[in-house]
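Enquirer: This is query-v7.cif, which holds mmCIF, C-alpha atoms (C1' of nucleotides):
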data_structure
#
loop_
_atom_site.group_PDB
_atom_site.id
_atom_site.type_symbol
_atom_site.label_atom_id
_atom_site.label_comp_id
_atom_site.auth_asym_id
_atom_site.auth_seq_id
_atom_site.Cartn_x
_atom_site.Cartn_y
_atom_site.Cartn_z
ATOM 1 C CA MET A 1 63.145 74.435 -42.329
ATOM 2 C CA THR A 2 59.926 73.339 -40.761
ATOM 3 C CA ASP A 3 58.800 76.934 -40.947
ATOM 4 C CA ASP A 4 58.252 76.984 -44.675
ATOM 5 C CA CYS A 5 55.079 75.115 -43.946
ATOM 6 C CA PRO A 6 52.133 77.453 -44.417
ATOM 7 C CA PRO A 7 53.193 79.795 -47.211
ATOM 8 C CA THR A 8 52.700 77.436 -50.109
ATOM 9 C CA THR A 9 50.326 78.284 -52.900
ATOM 10 C CA ASP A 10 47.191 76.980 -51.277
ATOM 11 C CA GLY A 11 48.126 77.942 -47.745
ATOM 12 C CA LYS A 12 48.233 74.296 -46.763
ATOM 13 C CA CYS A 13 51.125 72.568 -45.122
ATOM 14 C CA PRO A 14 52.481 69.827 -47.406
ATOM 15 C CA VAL A 15 51.938 67.373 -44.557
ATOM 16 C CA GLU A 16 48.271 68.267 -44.598
ATOM 17 C CA THR A 17 48.136 67.900 -48.369
ATOM 18 C CA ALA A 18 49.650 64.445 -48.228
ATOM 19 C CA LEU A 19 47.429 63.285 -45.411
ATOM 20 C CA GLU A 20 44.305 64.519 -47.144
ATOM 21 C CA LEU A 21 44.923 62.113 -49.991
ATOM 22 C CA ILE A 22 45.029 59.073 -47.750
ATOM 23 C CA ASP A 23 42.334 60.398 -45.470
ATOM 24 C CA GLY A 24 39.519 57.958 -45.504
ATOM 25 C CA LYS A 25 39.206 55.135 -43.068
ATOM 26 C CA TRP A 26 40.343 52.423 -45.450
ATOM 27 C CA LYS A 27 42.469 54.164 -48.031
ATOM 28 C CA GLY A 28 45.773 53.499 -46.353
ATOM 29 C CA VAL A 29 45.029 49.820 -45.959
ATOM 30 C CA ALA A 30 43.796 49.520 -49.513
ATOM 31 C CA LEU A 31 46.979 51.126 -50.804
ATOM 32 C CA PHE A 32 48.989 48.798 -48.627
ATOM 33 C CA HIS A 33 47.466 45.717 -50.184
ATOM 34 C CA LEU A 34 48.026 47.110 -53.634
ATOM 35 C CA LEU A 35 51.741 47.446 -52.927
ATOM 36 C CA ASP A 36 51.973 43.757 -53.526
ATOM 37 C CA LYS A 37 50.105 43.355 -56.734
ATOM 38 C CA THR A 38 47.123 44.245 -58.824
ATOM 39 C CA LEU A 39 43.915 43.145 -57.174
ATOM 40 C CA ARG A 40 40.308 42.731 -58.158
ATOM 41 C CA PHE A 41 37.592 44.498 -56.223
ATOM 42 C CA ASN A 42 36.560 41.529 -54.140
ATOM 43 C CA GLU A 43 40.162 40.586 -53.485
ATOM 44 C CA ILE A 44 40.690 43.931 -51.835
ATOM 45 C CA ARG A 45 37.441 43.576 -49.999
ATOM 46 C CA ARG A 46 38.374 40.207 -48.594
ATOM 47 C CA ARG A 47 41.599 41.669 -47.245
ATOM 48 C CA ILE A 48 39.741 44.387 -45.436
ATOM 49 C CA PRO A 49 37.151 42.819 -43.170
ATOM 50 C CA ASN A 50 34.519 45.258 -41.880
ATOM 51 C CA VAL A 51 34.495 47.533 -44.868
ATOM 52 C CA THR A 52 31.218 47.711 -46.709
ATOM 53 C CA GLN A 53 30.978 47.499 -50.461
ATOM 54 C CA ARG A 54 29.656 51.008 -50.795
ATOM 55 C CA VAL A 55 32.405 52.589 -48.720
ATOM 56 C CA LEU A 56 35.197 50.632 -50.341
ATOM 57 C CA THR A 57 33.941 51.547 -53.773
ATOM 58 C CA ARG A 58 33.901 55.204 -52.888
ATOM 59 C CA GLN A 59 37.332 55.250 -51.352
ATOM 60 C CA LEU A 60 38.850 53.431 -54.309
ATOM 61 C CA ARG A 61 37.217 55.908 -56.654
ATOM 62 C CA GLU A 62 38.648 58.804 -54.695
ATOM 63 C CA LEU A 63 42.092 57.256 -54.829
ATOM 64 C CA GLU A 64 41.627 56.942 -58.554
ATOM 65 C CA GLN A 65 40.543 60.540 -58.931
ATOM 66 C CA ASP A 66 43.553 61.658 -56.974
ATOM 67 C CA GLY A 67 45.739 59.734 -59.374
ATOM 68 C CA LEU A 68 47.073 57.247 -56.854
ATOM 69 C CA ILE A 69 45.574 54.098 -58.328
ATOM 70 C CA ILE A 70 44.421 52.927 -61.719
ATOM 71 C CA ARG A 71 41.098 51.226 -62.242
ATOM 72 C CA THR A 72 40.697 48.956 -65.222
ATOM 73 C CA VAL A 73 37.358 47.553 -66.267
ATOM 74 C CA TYR A 74 37.320 44.470 -68.466
ATOM 75 C CA ALA A 75 34.275 44.065 -70.666
ATOM 76 C CA GLU A 76 33.536 40.526 -69.604
ATOM 77 C CA VAL A 77 30.730 38.592 -68.024
ATOM 78 C CA PRO A 78 30.967 38.359 -65.117
ATOM 79 C CA PRO A 79 32.618 41.741 -64.835
ATOM 80 C CA ARG A 80 36.229 42.056 -63.825
ATOM 81 C CA VAL A 81 37.663 45.229 -62.381
ATOM 82 C CA GLU A 82 41.285 45.488 -61.447
ATOM 83 C CA TYR A 83 43.001 48.020 -59.276
ATOM 84 C CA ARG A 84 46.705 48.788 -59.224
ATOM 85 C CA LEU A 85 49.001 51.526 -58.080
ATOM 86 C CA SER A 86 49.691 54.332 -60.522
ATOM 87 C CA PRO A 87 53.243 55.604 -60.922
ATOM 88 C CA LEU A 88 52.331 58.391 -58.540
ATOM 89 C CA GLY A 89 50.850 55.897 -56.108
ATOM 90 C CA GLU A 90 54.091 53.957 -56.274
ATOM 91 C CA THR A 91 55.882 56.950 -54.835
ATOM 92 C CA LEU A 92 53.834 56.462 -51.696
ATOM 93 C CA ARG A 93 55.335 53.020 -51.136
ATOM 94 C CA PRO A 94 58.051 54.077 -48.681
ATOM 95 C CA ILE A 95 55.479 55.941 -46.628
ATOM 96 C CA ILE A 96 53.003 53.087 -46.527
ATOM 97 C CA VAL A 97 55.737 50.652 -45.602
ATOM 98 C CA ALA A 98 56.959 53.020 -42.904
ATOM 99 C CA LEU A 99 53.443 53.242 -41.518
ATOM 100 C CA TRP A 100 53.163 49.461 -41.500
ATOM 101 C CA ASN A 101 56.442 49.084 -39.655
ATOM 102 C CA TRP A 102 55.548 51.770 -37.186
ATOM 103 C CA GLY A 103 52.115 50.314 -36.527
ATOM 104 C CA THR A 104 53.607 46.881 -36.041
ATOM 105 C CA ALA A 105 56.099 48.152 -33.484
ATOM 106 C CA TYR A 106 53.388 50.141 -31.758
ATOM 107 C CA LYS A 107 51.216 47.084 -31.369
ATOM 108 C CA ALA A 108 54.093 45.051 -30.029
ATOM 109 C CA ARG A 109 54.646 47.731 -27.414
ATOM 110 C CA GLN A 110 50.994 47.638 -26.429
ATOM 111 C CA ILE A 111 51.182 43.908 -25.884
ATOM 112 C CA GLU A 112 54.283 44.183 -23.753
ATOM 113 C CA GLU A 113 52.576 46.732 -21.569
ATOM 114 C CA SER A 114 49.492 44.635 -21.036
ATOM 115 C CA GLU A 115 51.620 41.657 -20.157
ATOM 116 C CA ALA A 116 53.499 43.712 -17.606
ATOM 117 C CA ALA A 117 50.238 43.902 -15.659
ATOM 118 C CA MET B 27 54.591 39.806 -46.572
ATOM 119 C CA THR B 28 51.733 42.175 -47.088
ATOM 120 C CA ASP B 29 49.391 39.344 -46.284
ATOM 121 C CA ASP B 30 50.128 39.289 -42.579
ATOM 122 C CA CYS B 31 47.960 42.342 -42.388
ATOM 123 C CA PRO B 32 44.645 41.395 -40.820
ATOM 124 C CA PRO B 33 45.482 38.645 -38.343
ATOM 125 C CA THR B 34 47.001 40.779 -35.622
ATOM 126 C CA THR B 35 45.581 40.818 -32.138
ATOM 127 C CA ASP B 36 42.932 43.417 -32.739
ATOM 128 C CA GLY B 37 42.163 42.425 -36.283
ATOM 129 C CA LYS B 38 43.459 45.711 -37.539
ATOM 130 C CA CYS B 39 46.104 46.217 -40.163
ATOM 131 C CA PRO B 40 49.131 47.978 -38.683
ATOM 132 C CA VAL B 41 48.758 50.630 -41.356
ATOM 133 C CA GLU B 42 45.287 51.327 -40.054
ATOM 134 C CA THR B 43 46.562 51.453 -36.487
ATOM 135 C CA ALA B 44 49.240 53.964 -37.376
ATOM 136 C CA LEU B 45 46.889 56.139 -39.379
ATOM 137 C CA GLU B 46 44.298 56.185 -36.625
ATOM 138 C CA LEU B 47 46.760 57.903 -34.334
ATOM 139 C CA ILE B 48 47.383 60.767 -36.708
ATOM 140 C CA ASP B 49 43.802 60.847 -37.899
ATOM 141 C CA GLY B 50 42.423 64.248 -37.091
ATOM 142 C CA LYS B 51 42.531 67.128 -39.492
ATOM 143 C CA TRP B 52 45.405 68.942 -37.813
ATOM 144 C CA LYS B 53 47.325 66.265 -35.971
ATOM 145 C CA GLY B 54 49.856 65.637 -38.678
ATOM 146 C CA VAL B 55 50.633 69.311 -39.059
ATOM 147 C CA ALA B 56 50.876 69.819 -35.318
ATOM 148 C CA LEU B 57 53.325 66.951 -35.040
ATOM 149 C CA PHE B 58 55.274 68.392 -37.925
ATOM 150 C CA HIS B 59 55.783 71.708 -36.169
ATOM 151 C CA LEU B 60 56.801 69.944 -32.999
ATOM 152 C CA LEU B 61 59.591 68.147 -34.875
ATOM 153 C CA ASP B 62 61.525 71.359 -34.647
ATOM 154 C CA LYS B 63 61.154 72.253 -31.029
ATOM 155 C CA THR B 64 58.936 72.544 -28.022
ATOM 156 C CA LEU B 65 56.119 74.983 -28.619
ATOM 157 C CA ARG B 66 53.559 76.781 -26.532
ATOM 158 C CA PHE B 67 49.881 76.464 -27.328
ATOM 159 C CA ASN B 68 49.552 79.723 -29.170
ATOM 160 C CA GLU B 69 52.768 79.142 -31.032
ATOM 161 C CA ILE B 70 51.303 76.008 -32.500
ATOM 162 C CA ARG B 71 48.090 77.799 -33.198
ATOM 163 C CA ARG B 72 49.806 80.580 -35.083
ATOM 164 C CA ARG B 73 51.485 78.024 -37.305
ATOM 165 C CA ILE B 74 48.188 76.454 -38.197
ATOM 166 C CA PRO B 75 45.890 79.110 -39.577
ATOM 167 C CA ASN B 76 42.236 78.074 -39.748
ATOM 168 C CA VAL B 77 42.245 75.802 -36.768
ATOM 169 C CA THR B 78 40.001 76.859 -33.928
ATOM 170 C CA GLN B 79 41.129 76.856 -30.342
ATOM 171 C CA ARG B 80 38.671 74.204 -29.339
ATOM 172 C CA VAL B 81 39.658 71.788 -32.075
ATOM 173 C CA LEU B 82 43.370 72.309 -31.636
ATOM 174 C CA THR B 83 43.059 71.731 -27.911
ATOM 175 C CA ARG B 84 41.212 68.499 -28.484
ATOM 176 C CA GLN B 85 43.615 67.160 -31.047
ATOM 177 C CA LEU B 86 46.623 67.957 -28.895
ATOM 178 C CA ARG B 87 44.993 66.203 -25.977
ATOM 179 C CA GLU B 88 44.351 63.143 -28.085
ATOM 180 C CA LEU B 89 47.956 63.107 -29.208
ATOM 181 C CA GLU B 90 48.922 63.320 -25.562
ATOM 182 C CA GLN B 91 46.628 60.461 -24.589
ATOM 183 C CA ASP B 92 48.088 58.360 -27.345
ATOM 184 C CA GLY B 93 51.533 59.005 -25.942
ATOM 185 C CA LEU B 94 52.860 60.912 -28.931
ATOM 186 C CA ILE B 95 53.379 64.275 -27.284
ATOM 187 C CA ILE B 96 53.979 65.560 -23.788
ATOM 188 C CA ARG B 97 52.043 68.450 -22.330
ATOM 189 C CA THR B 98 53.619 70.440 -19.559
ATOM 190 C CA VAL B 99 51.704 73.020 -17.574
ATOM 191 C CA TYR B 100 53.679 75.661 -15.716
ATOM 192 C CA ALA B 101 51.968 77.134 -12.674
ATOM 193 C CA GLU B 102 52.456 80.700 -13.693
ATOM 194 C CA VAL B 103 50.376 83.735 -14.388
ATOM 195 C CA PRO B 104 49.717 84.091 -17.228
ATOM 196 C CA PRO B 105 49.620 80.358 -17.784
ATOM 197 C CA ARG B 106 52.220 78.643 -19.901
ATOM 198 C CA VAL B 107 51.654 75.279 -21.500
ATOM 199 C CA GLU B 108 54.322 73.622 -23.561
ATOM 200 C CA TYR B 109 54.018 70.770 -25.980
ATOM 201 C CA ARG B 110 56.810 68.566 -27.175
ATOM 202 C CA LEU B 111 57.256 65.208 -28.836
ATOM 203 C CA SER B 112 57.486 62.204 -26.557
ATOM 204 C CA PRO B 113 60.116 59.541 -27.253
ATOM 205 C CA LEU B 114 57.390 57.569 -29.002
ATOM 206 C CA GLY B 115 56.383 60.628 -30.971
ATOM 207 C CA GLU B 116 59.998 61.040 -32.018
ATOM 208 C CA THR B 117 59.797 57.679 -33.758
ATOM 209 C CA LEU B 118 57.229 59.222 -36.071
ATOM 210 C CA ARG B 119 59.743 61.754 -37.337
ATOM 211 C CA PRO B 120 60.812 59.868 -40.467
ATOM 212 C CA ILE B 121 57.185 59.387 -41.415
ATOM 213 C CA ILE B 122 56.230 63.020 -40.913
ATOM 214 C CA VAL B 123 59.259 64.147 -42.862
ATOM 215 C CA ALA B 124 58.423 61.695 -45.635
ATOM 216 C CA LEU B 125 54.881 63.063 -45.770
ATOM 217 C CA TRP B 126 56.207 66.588 -45.975
ATOM 218 C CA ASN B 127 58.555 65.698 -48.809
ATOM 219 C CA TRP B 128 55.869 63.834 -50.635
ATOM 220 C CA GLY B 129 53.338 66.626 -50.238
ATOM 221 C CA THR B 130 55.869 69.153 -51.438
ATOM 222 C CA ALA B 131 56.636 67.165 -54.562
ATOM 223 C CA TYR B 132 52.937 66.613 -55.173
ATOM 224 C CA LYS B 133 52.233 70.315 -55.050
ATOM 225 C CA ALA B 134 55.100 71.068 -57.394
ATOM 226 C CA ARG B 135 53.620 68.585 -59.844
ATOM 227 C CA GLN B 136 50.224 70.269 -59.601
ATOM 228 C CA ILE B 137 51.765 73.622 -60.448
ATOM 229 C CA GLU B 138 53.617 72.232 -63.456
ATOM 230 C CA GLU B 139 50.390 70.781 -64.770
ATOM 231 C CA SER B 140 48.467 74.017 -64.428
ATOM 232 C CA GLU B 141 51.251 75.899 -66.168
ATOM 233 C CA ALA B 142 51.161 73.456 -69.042
ATOM 234 C CA ALA B 143 47.697 74.796 -69.813
ATOM 235 C "C1'" DC C 13 47.353 82.636 -22.051
ATOM 236 C "C1'" DG C 14 45.196 78.676 -22.657
ATOM 237 C "C1'" DG C 15 41.706 76.998 -22.203
ATOM 238 C "C1'" DT C 16 35.850 75.469 -21.303
ATOM 239 C "C1'" DA C 17 30.901 75.596 -22.376
ATOM 240 C "C1'" DT C 18 27.248 75.515 -25.857
ATOM 241 C "C1'" DC C 19 25.328 74.961 -29.952
ATOM 242 C "C1'" DC C 20 25.183 73.752 -34.843
ATOM 243 C "C1'" DT C 21 26.110 71.523 -39.335
ATOM 244 C "C1'" DG C 22 28.095 68.562 -42.864
ATOM 245 C "C1'" DT C 23 29.436 64.500 -44.102
ATOM 246 C "C1'" DA C 24 31.923 60.029 -43.694
ATOM 247 C "C1'" DA C 25 30.687 55.729 -42.677
ATOM 248 C "C1'" DG C 26 27.504 51.982 -42.128
ATOM 249 C "C1'" DA C 27 23.125 48.958 -42.935
ATOM 250 C "C1'" DT C 28 20.311 47.069 -46.233
ATOM 251 C "C1'" DA C 29 18.340 45.985 -50.578
ATOM 252 C "C1'" DC C 30 18.551 45.771 -55.469
ATOM 253 C "C1'" DT C 31 21.001 45.233 -60.436
ATOM 254 C "C1'" DG C 32 23.437 44.764 -65.227
ATOM 255 C "C1'" DC D 19 31.288 40.283 -59.827
ATOM 256 C "C1'" DA D 20 31.169 44.736 -58.942
ATOM 257 C "C1'" DG D 21 28.769 47.646 -58.293
ATOM 258 C "C1'" DT D 22 24.147 51.505 -57.405
ATOM 259 C "C1'" DA D 23 20.247 53.341 -54.612
ATOM 260 C "C1'" DT D 24 18.277 54.737 -50.187
ATOM 261 C "C1'" DC D 25 18.238 55.702 -45.695
ATOM 262 C "C1'" DT D 26 20.257 56.522 -41.163
ATOM 263 C "C1'" DT D 27 23.447 58.086 -37.629
ATOM 264 C "C1'" DA D 28 27.497 59.451 -35.138
ATOM 265 C "C1'" DC D 29 30.633 62.639 -34.525
ATOM 266 C "C1'" DA D 30 34.512 65.560 -36.128
ATOM 267 C "C1'" DG D 31 34.926 70.026 -36.974
ATOM 268 C "C1'" DG D 32 33.634 74.780 -36.582
ATOM 269 C "C1'" DA D 33 31.391 79.370 -34.618
ATOM 270 C "C1'" DT D 34 30.860 81.963 -30.735
ATOM 271 C "C1'" DA D 35 31.055 83.371 -26.033
ATOM 272 C "C1'" DC D 36 32.931 83.202 -21.543
ATOM 273 C "C1'" DC D 37 36.639 82.088 -17.672
ATOM 274 C "C1'" DG D 38 40.660 81.460 -14.022
#
Taking this structure as input, can you express it in the form of structure tokens?

Expert:
Amino acid sequence: MTDDCPPTTDGKCPVETALELIDGKWKGVALFHLLDKTLRFNEIRRRIPNVTQRVLTRQLRELEQDGLIIRTVYAEVPPRVEYRLSPLGETLRPIIVALWNWGTAYKARQIEESEAA
Amino acid sequence: MTDDCPPTTDGKCPVETALELIDGKWKGVALFHLLDKTLRFNEIRRRIPNVTQRVLTRQLRELEQDGLIIRTVYAEVPPRVEYRLSPLGETLRPIIVALWNWGTAYKARQIEESEAA
DNA sequence: CGGTATCCTGTAAGATACTG
DNA sequence: CAGTATCTTACAGGATACCG
């Protein structure tokens, strides 16, 4: 089964295809926060310390172009821009949740190890 | 629930932590092939066209350092080096499989769209 | 067979400043 | 508030050649 990897149309393994879409230092985390609810730009930013405005903007735009999130601009002053998962993005939910669970367990393991010192 | 993201020990969201470990252009695919069985270096290489020896070597070593795979060197001539998932790496299986399924569905959708033209 | 050793290039990410 | 506009830099990835 795992051998039907390469010979797809584009010669890419589906695993590679999937990972490419969330490749970007902050994309996974951004998607994670959007699992909960629609968020405004600065709301996302506040949840991701260390990301710069420029980088976050770009990554969100790429997610939008790839059809994973929907960006809605409200013609108001001051401007309001909301981001939410698209239907396609919703299908990523189990994966994002699985990553969160895995990462959480991984961290717990790290802590145990350091305490065993 | 999704708000307990930042305030972990290292300030990183678990999603970010998990993604960092499989961040590397070919790591996900390499792990995918190792789901099936233990593979020798060139066996992995053959399954991943376009990856250079140098890069594949480095990514496998990083996976090893992160405890996701186990590298075994047999003192033979010619040399034989086998790679297999570690117990920790095994815990990634559901995620890798989910990525494969997702990527496969995504590609199918792309094809449908292009045919609708 | 399974690597190193060099060298090179593109680009993702970051810092900083400005804007409708 | 939610962005652009510039500029800079590190480094992942790749090409090529050689080795025990």

Enquirer: For the PyMOL selection byres ((chain C and resi 25) around 8), applied here, can you spell out every residue it catches as a list in words?

Expert: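 That selection, the PyMOL selection byres ((chain C and resi 25) around 8), comes back as Val55 of chain A; DA24 and DG26 of chain C.
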
Enquirer: With range 22-36 of chain D as the partner and 8 Å as the cut-off, tabulate the residues of chain C that qualify, each row holding the nearest pair of atoms and their distance in Å to one decimal, using all atoms listed in the file, sorted by chain and rising number, as CSV.

Expert:
residue,atom,partner,partner_atom,distance
C:DA17,C1',D:DC36,C1',7.9
C:DC30,C1',D:DA23,C1',7.8
C:DT31,C1',D:DT22,C1',7.6

Enquirer: Would you mind reading off the distance between CA of Glu90 in chain B and CA of Thr130 in chain B, one decimal, in Å?

Expert: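 Going from CA of Glu90 in chain B over to CA of Thr130 in chain B, I get 27.4 Å.
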
Enquirer: Can you turn the PyMOL selection byres ((chain A and resi 40) around 9) into a concrete residue list for this file, as a list in words?

Expert: Thr38, Leu39, Phe41, Asn42, Glu43, Ile44, Arg45, Arg80, Val81, Glu82, Tyr83 and Arg84 of chain A

Enquirer: Write the selection just made, keeping C-alpha atoms, as a PDB file, in the coordinates of the input?

Expert:
ATOM      1  CA  THR A  38      47.123  44.245 -58.824  1.00  0.00           C
ATOM      2  CA  LEU A  39      43.915  43.145 -57.174  1.00  0.00           C
ATOM      3  CA  PHE A  41      37.592  44.498 -56.223  1.00  0.00           C
ATOM      4  CA  ASN A  42      36.560  41.529 -54.140  1.00  0.00           C
ATOM      5  CA  GLU A  43      40.162  40.586 -53.485  1.00  0.00           C
ATOM      6  CA  ILE A  44      40.690  43.931 -51.835  1.00  0.00           C
ATOM      7  CA  ARG A  45      37.441  43.576 -49.999  1.00  0.00           C
ATOM      8  CA  ARG A  80      36.229  42.056 -63.825  1.00  0.00           C
ATOM      9  CA  VAL A  81      37.663  45.229 -62.381  1.00  0.00           C
ATOM     10  CA  GLU A  82      41.285  45.488 -61.447  1.00  0.00           C
ATOM     11  CA  TYR A  83      43.001  48.020 -59.276  1.00  0.00           C
ATOM     12  CA  ARG A  84      46.705  48.788 -59.224  1.00  0.00           C
TER      13      ARG A  84
END

Enquirer: What does the distance between CA of Glu90 in chain A and CA of Lys51 in chain B come to in Å, to one decimal place?

Expert: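 If I compute the distance from CA of Glu90 in chain A to CA of Lys51 in chain B, I get 24.3 Å.
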
Enquirer: Measure the distance from CA of Leu60 in chain A to CA of Ala30 in chain A in Å and round it to one decimal.

Expert: 7.9 Å

Enquirer: Set the cut-off to 12 Å and count only C-alpha atoms (C1' of nucleotides): what are the residues of chain A that reach chain C? Output as a PDB file with C-alpha atoms, in the coordinates of the input.

Expert:
ATOM      1  CA  ASP A  23      42.334  60.398 -45.470  1.00  0.00           C
ATOM      2  CA  GLY A  24      39.519  57.958 -45.504  1.00  0.00           C
ATOM      3  CA  LYS A  25      39.206  55.135 -43.068  1.00  0.00           C
ATOM      4  CA  TRP A  26      40.343  52.423 -45.450  1.00  0.00           C
ATOM      5  CA  ASN A  50      34.519  45.258 -41.880  1.00  0.00           C
ATOM      6  CA  VAL A  51      34.495  47.533 -44.868  1.00  0.00           C
ATOM      7  CA  THR A  52      31.218  47.711 -46.709  1.00  0.00           C
ATOM      8  CA  GLN A  53      30.978  47.499 -50.461  1.00  0.00           C
ATOM      9  CA  ARG A  54      29.656  51.008 -50.795  1.00  0.00           C
ATOM     10  CA  VAL A  55      32.405  52.589 -48.720  1.00  0.00           C
ATOM     11  CA  LEU A  56      35.197  50.632 -50.341  1.00  0.00           C
ATOM     12  CA  ARG A  58      33.901  55.204 -52.888  1.00  0.00           C
ATOM     13  CA  GLN A  59      37.332  55.250 -51.352  1.00  0.00           C
ATOM     14  CA  GLU A  76      33.536  40.526 -69.604  1.00  0.00           C
ATOM     15  CA  VAL A  77      30.730  38.592 -68.024  1.00  0.00           C
ATOM     16  CA  PRO A  78      30.967  38.359 -65.117  1.00  0.00           C
ATOM     17  CA  PRO A  79      32.618  41.741 -64.835  1.00  0.00           C
TER      18      PRO A  79
END

Enquirer: Can you check which parts of chain D lie within 9 Å of chain A? Per residue, the shortest pair of atoms and distance in Å to one decimal, counting all atoms listed in the file, sorted by chain and number, as JSON lines.

Expert:
{"residue": "D:DC19", "atom": "C1'", "partner": "A:Pro79", "partner_atom": "CA", "distance": 5.4}
{"residue": "D:DA20", "atom": "C1'", "partner": "A:Pro79", "partner_atom": "CA", "distance": 6.8}
{"residue": "D:DG21", "atom": "C1'", "partner": "A:Thr57", "partner_atom": "CA", "distance": 7.9}
{"residue": "D:DT22", "atom": "C1'", "partner": "A:Arg54", "partner_atom": "CA", "distance": 8.6}

Enquirer: With distances taken over only C-alpha atoms, which of B:Leu60, B:Tyr100, B:Ala142, B:Trp126 is nearest to chain A?

Expert: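 Checking each of B:Leu60, B:Tyr100, B:Ala142, B:Trp126 against chain A, counting only C-alpha atoms, the winner is B:Trp126.
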
Enquirer: Taking all atoms listed in the file into account, report as a list in words which residues of chain A lie within 6 Å of chain B.

Expert: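 Using all atoms listed in the file, chain A residues at most 6 Å from chain B: Pro14, Val15, Thr17, Ala18, Val29, Leu99, Trp100, Gly103 and Thr104 of chain A.
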
Enquirer: Please write the residues picked by the PyMOL selection byres ((chain A and resi 86) around 8) on this file as a PDB file with C-alpha atoms, in the coordinates of the input.

Expert:
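The result, written out as selection-v4.pdb:
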ATOM      1  CA  GLY A  67      45.739  59.734 -59.374  1.00  0.00           C
ATOM      2  CA  LEU A  68      47.073  57.247 -56.854  1.00  0.00           C
ATOM      3  CA  ILE A  69      45.574  54.098 -58.328  1.00  0.00           C
ATOM      4  CA  ILE A  70      44.421  52.927 -61.719  1.00  0.00           C
ATOM      5  CA  ARG A  84      46.705  48.788 -59.224  1.00  0.00           C
ATOM      6  CA  LEU A  85      49.001  51.526 -58.080  1.00  0.00           C
ATOM      7  CA  PRO A  87      53.243  55.604 -60.922  1.00  0.00           C
ATOM      8  CA  LEU A  88      52.331  58.391 -58.540  1.00  0.00           C
ATOM      9  CA  GLY A  89      50.850  55.897 -56.108  1.00  0.00           C
ATOM     10  CA  GLU A  90      54.091  53.957 -56.274  1.00  0.00           C
TER      11      GLU A  90
END
